[in-house]
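These notes concern the structure reproduced below.
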Amino acid sequence: MRFLESRILNIQNRKILAALLLLISSTAQSAETIRTGMIEGMSGAFANAGEAVARNVQLAIETVNARGGVRLPDGRHPLALEIFDNKLGVEASLIEFKPLTDRRIAFFMQGNGSAVAAALHDEASTALARRLRIILC
């Protein structure tokens with residue numbers, strides 16, 4: 001069972017990272033580090049799932065950075081990951097979304113919990129309506 005769960009997480013993480021990199025490559029504009037945020041359950045009963053997602057995303061980012069970062073028209077950009085702990089809850093996710101936007105992190109991801117994803121999607125849509133440059137993966 002753990003193998004199947006691990007396999008599903010790896011497939012989900014690859015899809016998330018592919019979407020993230022596609023969006024980054026089409027929208028980043030400066031030669032600075034491209035900061036990405038991850039709102040994920042890093043504590044509580046399912047912290048191990050959040051830690052697995054974080055490890056996989058961090059490994060992918062390290063791989064991209066080892067190859068010189070993301071290539072854009074103005075040069076190569078390294079990626080950085082900032083993790084926000086939502087304790088795998090909807091309310092905590094919405095609370096963590098505010099510091100993410102306050103730090104002007106334009107790209108974020110969330111991997112576990114469809115209720116969390118739906119709430120973050122609604123919040124990101126509202127933020128976009130306020131003309132913040134936030135892209136949901």
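We name chains A, B, ... following the order of the structure tokens; residues begin at 1 in each chain, and ligands are numbered from 1 as shown.
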Determine, counting only C-alpha atoms, which protein, DNA and RNA residues have an atom within 7 Å of an atom of region 111-120 of chain A; residues of the same chain fewer than 2 positions away are not included. Present the result as a PDB file with C-alpha atoms, in the first residue's frame.
```
ATOM      1  CA  GLU A  40       1.275  21.820   2.640  1.00  0.00           C
ATOM      2  CA  LEU A  88      -3.623  19.910   6.219  1.00  0.00           C
ATOM      3  CA  GLY A  89      -6.549  22.141   7.107  1.00  0.00           C
ATOM      4  CA  VAL A  90      -8.621  24.570   5.066  1.00  0.00           C
ATOM      5  CA  SER A  93      -4.287  27.112   4.424  1.00  0.00           C
ATOM      6  CA  LEU A  94      -6.146  30.374   4.032  1.00  0.00           C
ATOM      7  CA  MET A 109       1.536  24.724  -5.077  1.00  0.00           C
ATOM      8  CA  ASP A 122     -10.974  30.405  -4.598  1.00  0.00           C
ATOM      9  CA  GLU A 123      -8.558  32.569  -2.591  1.00  0.00           C
ATOM     10  CA  ALA A 124      -6.092  32.769  -5.486  1.00  0.00           C
TER      11      ALA A 124
END
```
Selection near Met38 (chain A), 6 Å with only C-alpha atoms, sequence-local residues under 4 positions removed, as a CSV table (one decimal) with C-alpha atoms, in the first residue's frame:
```csv
chain,number,residue,atom,x,y,z
A,83,ILE,CA,7.2,26.1,2.7
A,84,PHE,CA,4.0,27.2,4.6
A,108,PHE,CA,2.6,28.3,-5.2
A,109,MET,CA,1.5,24.7,-5.1
A,110,GLN,CA,-0.4,22.4,-2.8
```
| message | So that I can check the secondary structure, give me every residue of region 55-106 of chain A assigned alpha helix (DSSP H) by backbone DSSP, as a VMD selection string. | response | chain A and resid 55 to 66 90 to 102
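What separates CA of Glu32 (chain A) from CA of Arg76 (chain A) is a distance of 8.8 Å.
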| message | So that I can check the secondary structure, give me every residue of region 25-137 of chain A assigned strand (DSSP E) by backbone DSSP, as JSON, numbers by chain. | response | {"A": [34, 35, 36, 37, 38, 39, 40, 70, 71, 72, 75, 76, 77, 79, 80, 81, 82, 83, 84, 85, 107, 108, 109, 135, 136]}
| request: Compile the contact shell of Glu82 (chain A) as number ranges by chain: residues with an atom at most 10 Å away, counting only C-alpha atoms, same-chain residues fewer than 3 positions apart removed. | output: A: 35-39, 54, 58, 100, 105, 108
| query | For the atom pair CA of Ser125 (chain A) and CA of Asp85 (chain A), what is the interatomic distance in Å to one decimal place? | reply |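 Calculated distance between CA of Ser125 (chain A) and CA of Asp85 (chain A) is 20.8 Å.
Note that the spacing between CA of Leu59 (chain A) and CA of Lys87 (chain A) amounts to 22.1 Å.
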| request: For Glu62 (chain A), work out the shell of residues within 10 Å, counting only C-alpha atoms and skipping chain neighbours fewer than 5 positions away, then give it as an MDAnalysis selection string. | output: chainID A and resid 56:57 67:69 78:81
